[in-house]
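Peer 1: Take a look at the following structure, please.
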Amino acid sequence: MALWRPDPTFYPSPKMAMQAPAEKLAFIALLNPNNTGKPDALAVVDVGPESSGYGHIVGQVDMPHPGDELHHFGWNACSACLCPYASHPHVERRYLIVPGIRSSRIHIVDTKPDPRRPQIVKVIEPETLAARAGYTSPHTIHCGPEGIFASALGATNGDGPGGIFVIDHDSFDVLGKWELDRGSQYLSYDFWWHLGLDTVITSEWGTPNMVQNGVNPEILLKGGYGHKVHIWDLRKRRHLQELDLGAEYQMALELRPAHDPTRAYGFLGVVVSLKDLSASIWVWHRTDGDWGVKKVIEIPAEPTDPEKLPPLLQGFKAVPPLITDINLSLDDRFLYVSCFGTGEFLQYDVSDPFHPKKTGSVHLGGIVRRAAHPKQPKKPLNGAPQMVEVSRDGRRIYFTNSLYAPWDAQFYPEGIQSWMVKLNTHPRGGMELDPKFFVDFGDLRGHQVHLEGGDASSDSYCYA
Amino acid sequence: MRHGAPWGWVALFFLGAYHGINPGMGWLFAVALGIQEKSAQAVIRSIAPIALGHAIAIGVVVLLAGLVQIVLPLHYVKIAVAGALVTLGLYRIVRSRHFRWGGMQMGFRELTIWSFLMASAHGAGLMVLPVVLGLTSAPMPAGHDMHGSNPPDLLTGILATLVHTLGYLTLTAVVALVVYQKLGLTVLRKAWFNLDLLWAVALIATGAFALAI
C-alpha cells in the first residue's frame, strides 16, 4: 500500500542520510553449512546499546526449503525512489529480497508490522527466474529508480554468461534480463551504479560451475576467474567499456561507487594476485569521458610455516590476505576492508581516492592468527572479517566471518564457528571493537548484514 | 474565438499550477540538475524544456479533442472524456505503475520528451480537457446560430494551452528556485505528499465535471 508521505528512511542525499537516527536492529543472512536437512534463515539481531537484548538474536525466520545458501540480500525500495526522473517516494522500504545462491530461489521477506518477526510473503522459484530472465545463482540486490535490480552468477546451465535482471518493486515479478547488449561481458558477480552519470559498473567472480565446488586451483592458476570490471549505459542497457586488471589479479569482487552521485569514481576489491598472493584495492574513475582503473592499495601475504596452513595454501608457505569484502562510508571518506585470510580488518581514509591513508586496523580470527575478541580474550576465533556493513552515520561497523560454504571449507577446513562483531569508529579515523557486542551464531553461519532503515551498502542517491 | 466564462481561464491557470507543484512533474528534476551542476543557472535552464514538454502534452490532447469534435457532437465528446478520466483515475488508484523513462544526463530534447511523457502518463491533458470544452461550448454572442454543437476553435485551444502552461511554468519555476536556493531538499522528506492519490481523485472529479457542464 502506498504511503501518504515519503518513507521516512528515504533521504535525498548521502549527506542527509548521515543524519538518520542510529539503527536498532540488524538483519543477517544465516547459512546452515551442515547437511542436516535444516534450512537457512534470516536472523534479527538487536543492535541498540540501551536495549536489554543488545548483541543477541531477537528474531529469526527460517527459509521454506533446506540448501539455499543465503548470501547477499537487499531492500525492495530505498532512497533511489526519490530520483527526479522516475520518482515513487511513497513505496515503503519494507521487504527484504533474499536470494539463495545455490538454490536460485528468491524469498521476499516482510519486515512489518514487527521487524523482530519477519515473514516470508512470496518465493520466486528458480524455474521462474530461469524462464523469465535466463539466469541462475542470484547474488547482489540493489533497489534502483526503476525497480529492484539483481545480479546472477550464471545462465541456466550453470555456465555463463551471468548478468543482471530486474524485479518489479510492487508485484515482485521477475521482469526479465536487463542487458540489451552485453559486449565482452561473460562472468558476473557484483554490480552497482553512478546514478548521476546513468552508468552501471559490474564485476567478475566465476560461473556457478566454476565456484560451487570450491576454488578450483586449475582455473585459478590459469587466471581463469574474473579480473575485469565492465562499464554500462544504465539507460540504454548497453556495454560501454571493459577495464581489464590483468589475469594476474584473480576475482574482482566488491564494487563500492562513491555515494555522492556527482563523483565519478569507486572502489573495487581484488581477492588475490597470482604473482605474490597479495590482495588489492583499485579505483575506477572517469577522466575526460573515458573510464580507467588504477591500483591504490596492495596488501602483502604473510609468510608462514606451511604446517599451520590448510592443504590448499601449503605450497605457497604464506597466508594470503584475501580481500573478500569492502564498504565505503556515506561521506565517501572511509573505506573498510576485510581480509578473510589474515584476519585483519582495515580502515583507510580515502578522501583522496588515489592516495588512501591507513587509519585503523583490528585483528580477529584468521587462518593462522586466530585472534580473540575482547569479550572472551582467551578464546581463539576462526573465520575472519568478511561481510562488512557501515551504519549511515559511519560511527558503527558490523561484520561477520563466513565467506561461502564450499570455500570456507578450503580455508578453514576444521569448520567455521560463526560470529558477528561491532566496531565503534572515531570521526577523524580509528576504530575499536565493542567489547560488549559478540554474537555467536551456533550451528549456523552469518553472512551479509543489513541495518534497519538502510546502511552504507543499501541505498543510492540522485542528489549530492 | 469565444471568450467563455472568466472562471474557465482562471481554472486553467490553477490546474497548471496544480500540475506544476507536483514534485514528480518537473520542478524536482530542475532542482536535481541544478545540484548536479552546482548552479542556479542550470535550474533555470532546465525549466524551459520541462515546460515545453508539458505544453505539448496538453496541446496534443486539446487538438485531438478539437478534431474529434468535427465528426462527433460535443455531447458525445464530453461523455468520452468523462469516461476516460474516471477510468484513468480508478486505474491509478488500483494499480499505480511507476513511470520509468529517463536518467540524470539529459539534454534539452530529452528533457522535453521526458516532461511530455510524464505529463501524458499522468493524464494531465485529459484533466484539462473538460475546462477547455467548457470554454469552447460557451454560448455564442447574440445573432449567431445557437443550435447544434459549436465547431472546434483552434485559437481557444491554443490560448487554453498557453494559459495552463503559464500556471504550470510559474509554479515550477518558483518552487524549483525556492527549494534550490532556500529550503533545500529536506523539504522533500516532510512535504512530498502522495499527490498521485490526490491526482487520481482529481481525474475522477474532472471526469464528473465534464458531464456536468
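Numbering starts fresh at 1 for the residues of each chain in the C-alpha cells, the chains themselves are lettered A, B, ... in the order given, and ligands are numbered from 1 as they appear.
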Taking a cut-off of 8 Å and counting only C-alpha atoms, can you build a table that, for each residue of chain A near chain B, reports the nearest atom pair and how far apart they are in Å (one decimal), sorted by chain then residue number, as a tab-separated table?
Peer 2:
```
residue	atom	partner	partner_atom	distance
A:Leu3	CA	B:Asn194	CA	7.0
A:Trp4	CA	B:Asn194	CA	4.9
A:Arg5	CA	B:Phe193	CA	4.8
A:Pro6	CA	B:Arg189	CA	6.0
A:Asp7	CA	B:Arg189	CA	7.9
A:Pro8	CA	B:Arg189	CA	6.8
A:Phe10	CA	B:Arg189	CA	7.5
A:Tyr11	CA	B:Arg189	CA	7.1
A:Pro12	CA	B:Leu185	CA	6.6
A:Met16	CA	B:Thr186	CA	7.8
A:Pro84	CA	B:Phe29	CA	4.8
A:Tyr85	CA	B:Gly102	CA	5.9
A:Ala86	CA	B:Arg100	CA	5.4
A:Ser87	CA	B:Gly24	CA	6.1
A:His88	CA	B:His98	CA	6.7
A:His90	CA	B:Asn194	CA	6.5
A:Glu146	CA	B:Arg100	CA	5.8
A:Leu195	CA	B:Met104	CA	7.0
A:Gly196	CA	B:Met104	CA	5.4
A:Leu197	CA	B:Gln105	CA	6.2
A:Asp198	CA	B:Gly103	CA	6.0
A:Arg235	CA	B:Gly103	CA	6.6
A:Thr262	CA	B:Gln36	CA	6.3
A:Cys462	CA	B:Ala32	CA	7.4
A:Tyr463	CA	B:Ala32	CA	6.1
A:Ala464	CA	B:Ile35	CA	6.6
```
Peer 1: Could you pull the residues within 9 Å of Pro66 in chain A, counting only C-alpha atoms, minus those fewer than 6 positions along the same chain, as a list in words?
Peer 2: Asn32, Asn35, Thr36, Gly37, Lys38, Pro39, Asp40 and Ser103 of chain A
Peer 1: So that I can check the secondary structure, give me every residue of range 315-441 of chain A assigned alpha helix (DSSP H) by backbone DSSP, as a ChimeraX atom specification.
Peer 2: /A:405-411
Peer 1: Keeping only N, CA and C atoms, write the selected residues as a PDB file, in the first residue's frame.
Peer 2:
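Heads up, here's the output in out.pdb:
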```
ATOM      1  N   ALA A 405      30.116 -21.389   1.720  1.00  0.00           N
ATOM      2  CA  ALA A 405      30.354 -22.696   2.342  1.00  0.00           C
ATOM      3  C   ALA A 405      31.435 -23.535   1.650  1.00  0.00           C
ATOM      4  N   PRO A 406      31.383 -23.711   0.305  1.00  0.00           N
ATOM      5  CA  PRO A 406      32.401 -24.576  -0.307  1.00  0.00           C
ATOM      6  C   PRO A 406      33.818 -24.001  -0.181  1.00  0.00           C
ATOM      7  N   TRP A 407      33.908 -22.662  -0.053  1.00  0.00           N
ATOM      8  CA  TRP A 407      35.224 -22.022   0.050  1.00  0.00           C
ATOM      9  C   TRP A 407      35.682 -21.938   1.504  1.00  0.00           C
ATOM     10  N   ASP A 408      34.731 -21.739   2.405  1.00  0.00           N
ATOM     11  CA  ASP A 408      35.065 -21.760   3.843  1.00  0.00           C
ATOM     12  C   ASP A 408      35.842 -23.034   4.162  1.00  0.00           C
ATOM     13  N   ALA A 409      35.359 -24.159   3.594  1.00  0.00           N
ATOM     14  CA  ALA A 409      35.930 -25.478   3.911  1.00  0.00           C
ATOM     15  C   ALA A 409      37.381 -25.582   3.452  1.00  0.00           C
ATOM     16  N   GLN A 410      37.742 -24.811   2.430  1.00  0.00           N
ATOM     17  CA  GLN A 410      39.119 -24.891   1.945  1.00  0.00           C
ATOM     18  C   GLN A 410      40.071 -24.030   2.777  1.00  0.00           C
ATOM     19  N   PHE A 411      39.576 -22.921   3.283  1.00  0.00           N
ATOM     20  CA  PHE A 411      40.445 -22.021   4.045  1.00  0.00           C
ATOM     21  C   PHE A 411      40.390 -22.317   5.545  1.00  0.00           C
TER      22      PHE A 411
END
```
Peer 1: Determine, counting only C-alpha atoms, which protein, DNA and RNA residues have an atom within 9 Å of an atom of Leu274 in chain A; residues of the same chain fewer than 2 positions away are not included. Present the result as a list in words.
Peer 2: Leu220, Leu221, Gly223, Ala247, Glu248, Tyr249, Gln250, Val272, Asp276, Leu277 and Ser278 of chain A
Peer 1: Can you pull out the residues contacting range 121-123 of chain B? Cut-off 9 Å, using only C-alpha atoms, and skip same-chain residues under 4 positions away; I want them as a VMD selection string.
Peer 2: chain B and resid 57 85 88 to 89 92 99 116 to 117 127 to 128 196 199 to 200 203
Peer 1: With a distance cut-off of 12 Å and only C-alpha atoms, select the neighbouring residues of Lys24 in chain A, excluding the residue or stretch itself and same-chain residues fewer than 2 positions from it, and output the selection as a PyMOL selection string.
Peer 2: chain A and resi 20-22+26-27+44-56+58+115-116+391+396+450-454
Peer 1: I'd like to know which residues of range 385-441 of chain A are strand (DSSP E or B) (by DSSP, run on the backbone); could you write them as a list in words?
Peer 2: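 Result set for range 385-441 of chain A (strand (DSSP E or B)): Val388, Glu389, Val390, Arg396, Ile397, Tyr398, Phe399, Thr400, Trp419, Met420, Val421, Lys422, Leu423, Asn424, Thr425, Met431, Glu432, Leu433, Asp434, Pro435, Lys436, Phe437, Phe438, Val439 and Asp440 of chain A.
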Peer 1: Could those residues be written to a file, using C-alpha atoms, as a PDB file, in the first residue's frame?
Peer 2:
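Wrote again-v5.pdb, looks like this:
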```pdb
ATOM      1  CA  VAL A 388      31.031  -5.695   6.487  1.00  0.00           C
ATOM      2  CA  GLU A 389      28.272  -3.164   6.997  1.00  0.00           C
ATOM      3  CA  VAL A 390      28.641   0.508   7.892  1.00  0.00           C
ATOM      4  CA  ARG A 396      29.328   1.844  13.804  1.00  0.00           C
ATOM      5  CA  ILE A 397      30.682  -1.073  11.801  1.00  0.00           C
ATOM      6  CA  TYR A 398      29.380  -4.636  11.877  1.00  0.00           C
ATOM      7  CA  PHE A 399      30.912  -7.712  10.316  1.00  0.00           C
ATOM      8  CA  THR A 400      30.501 -11.477  10.180  1.00  0.00           C
ATOM      9  CA  TRP A 419      30.069 -14.780  14.867  1.00  0.00           C
ATOM     10  CA  MET A 420      29.206 -11.150  14.347  1.00  0.00           C
ATOM     11  CA  VAL A 421      31.015  -8.221  15.964  1.00  0.00           C
ATOM     12  CA  LYS A 422      30.690  -4.468  16.127  1.00  0.00           C
ATOM     13  CA  LEU A 423      33.266  -1.690  15.975  1.00  0.00           C
ATOM     14  CA  ASN A 424      32.934   1.919  17.042  1.00  0.00           C
ATOM     15  CA  THR A 425      34.729   4.463  14.900  1.00  0.00           C
ATOM     16  CA  MET A 431      38.175   2.272  15.375  1.00  0.00           C
ATOM     17  CA  GLU A 432      37.945  -0.318  18.109  1.00  0.00           C
ATOM     18  CA  LEU A 433      35.917  -3.437  18.847  1.00  0.00           C
ATOM     19  CA  ASP A 434      32.879  -3.006  21.086  1.00  0.00           C
ATOM     20  CA  PRO A 435      33.788  -5.356  23.978  1.00  0.00           C
ATOM     21  CA  LYS A 436      30.116  -5.964  24.787  1.00  0.00           C
ATOM     22  CA  PHE A 437      28.978  -6.993  21.327  1.00  0.00           C
ATOM     23  CA  PHE A 438      29.732 -10.539  20.214  1.00  0.00           C
ATOM     24  CA  VAL A 439      27.005 -12.644  18.593  1.00  0.00           C
ATOM     25  CA  ASP A 440      27.620 -16.392  18.363  1.00  0.00           C
TER      26      ASP A 440
END
```
Peer 1: Can you pull out the residues contacting range 153-160 of chain B? Cut-off 10 Å, using only C-alpha atoms, and skip same-chain residues under 6 positions away; I want them as a list in words.
Peer 2: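 Residues meeting the cut-off are Met1, Arg2, His3, Gly4, Gly8, Trp9, Leu12, Phe13, Ala55, Ile58, Gly59, Val60, Val61, Val62, Leu63, Ala65, Gly66, Leu67, Gln69, Val128, Leu129, Val131, Val132, Leu133, Leu135, Thr136, Ser137 and Leu166 of chain B.
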Peer 1: Store the residues picked out above in a file with C-alpha atoms, as an mmCIF file, in the first residue's frame.
Peer 2:
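File again-v3.cif, as written:
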```
data_model
loop_
_atom_site.group_PDB
_atom_site.id
_atom_site.type_symbol
_atom_site.label_atom_id
_atom_site.label_comp_id
_atom_site.auth_asym_id
_atom_site.auth_seq_id
_atom_site.Cartn_x
_atom_site.Cartn_y
_atom_site.Cartn_z
ATOM 1 C CA MET B 1 -12.725 32.836 -30.838
ATOM 2 C CA ARG B 2 -15.146 32.710 -27.959
ATOM 3 C CA HIS B 3 -14.244 34.031 -24.559
ATOM 4 C CA GLY B 4 -16.356 31.819 -22.362
ATOM 5 C CA GLY B 8 -12.701 28.846 -17.118
ATOM 6 C CA TRP B 9 -9.464 30.710 -17.775
ATOM 7 C CA LEU B 12 -6.950 26.536 -16.485
ATOM 8 C CA PHE B 13 -4.262 28.603 -14.803
ATOM 9 C CA ALA B 55 2.712 22.319 -23.067
ATOM 10 C CA ILE B 58 -1.615 19.462 -23.118
ATOM 11 C CA GLY B 59 -1.742 20.914 -26.646
ATOM 12 C CA VAL B 60 -1.840 17.498 -28.314
ATOM 13 C CA VAL B 61 -4.834 16.380 -26.258
ATOM 14 C CA VAL B 62 -6.677 19.659 -26.805
ATOM 15 C CA LEU B 63 -6.001 19.445 -30.539
ATOM 16 C CA ALA B 65 -10.359 16.690 -28.871
ATOM 17 C CA GLY B 66 -10.897 19.511 -31.342
ATOM 18 C CA LEU B 67 -10.501 17.149 -34.286
ATOM 19 C CA GLN B 69 -15.483 17.432 -32.436
ATOM 20 C CA VAL B 128 -7.595 19.969 -18.573
ATOM 21 C CA LEU B 129 -9.978 18.966 -21.335
ATOM 22 C CA VAL B 131 -12.434 23.062 -18.830
ATOM 23 C CA VAL B 132 -11.360 23.615 -22.441
ATOM 24 C CA LEU B 133 -14.570 22.014 -23.668
ATOM 25 C CA LEU B 135 -14.774 27.307 -22.910
ATOM 26 C CA THR B 136 -15.394 26.228 -26.496
ATOM 27 C CA SER B 137 -19.007 25.348 -25.793
ATOM 28 C CA LEU B 166 1.740 29.669 -17.726
#
```
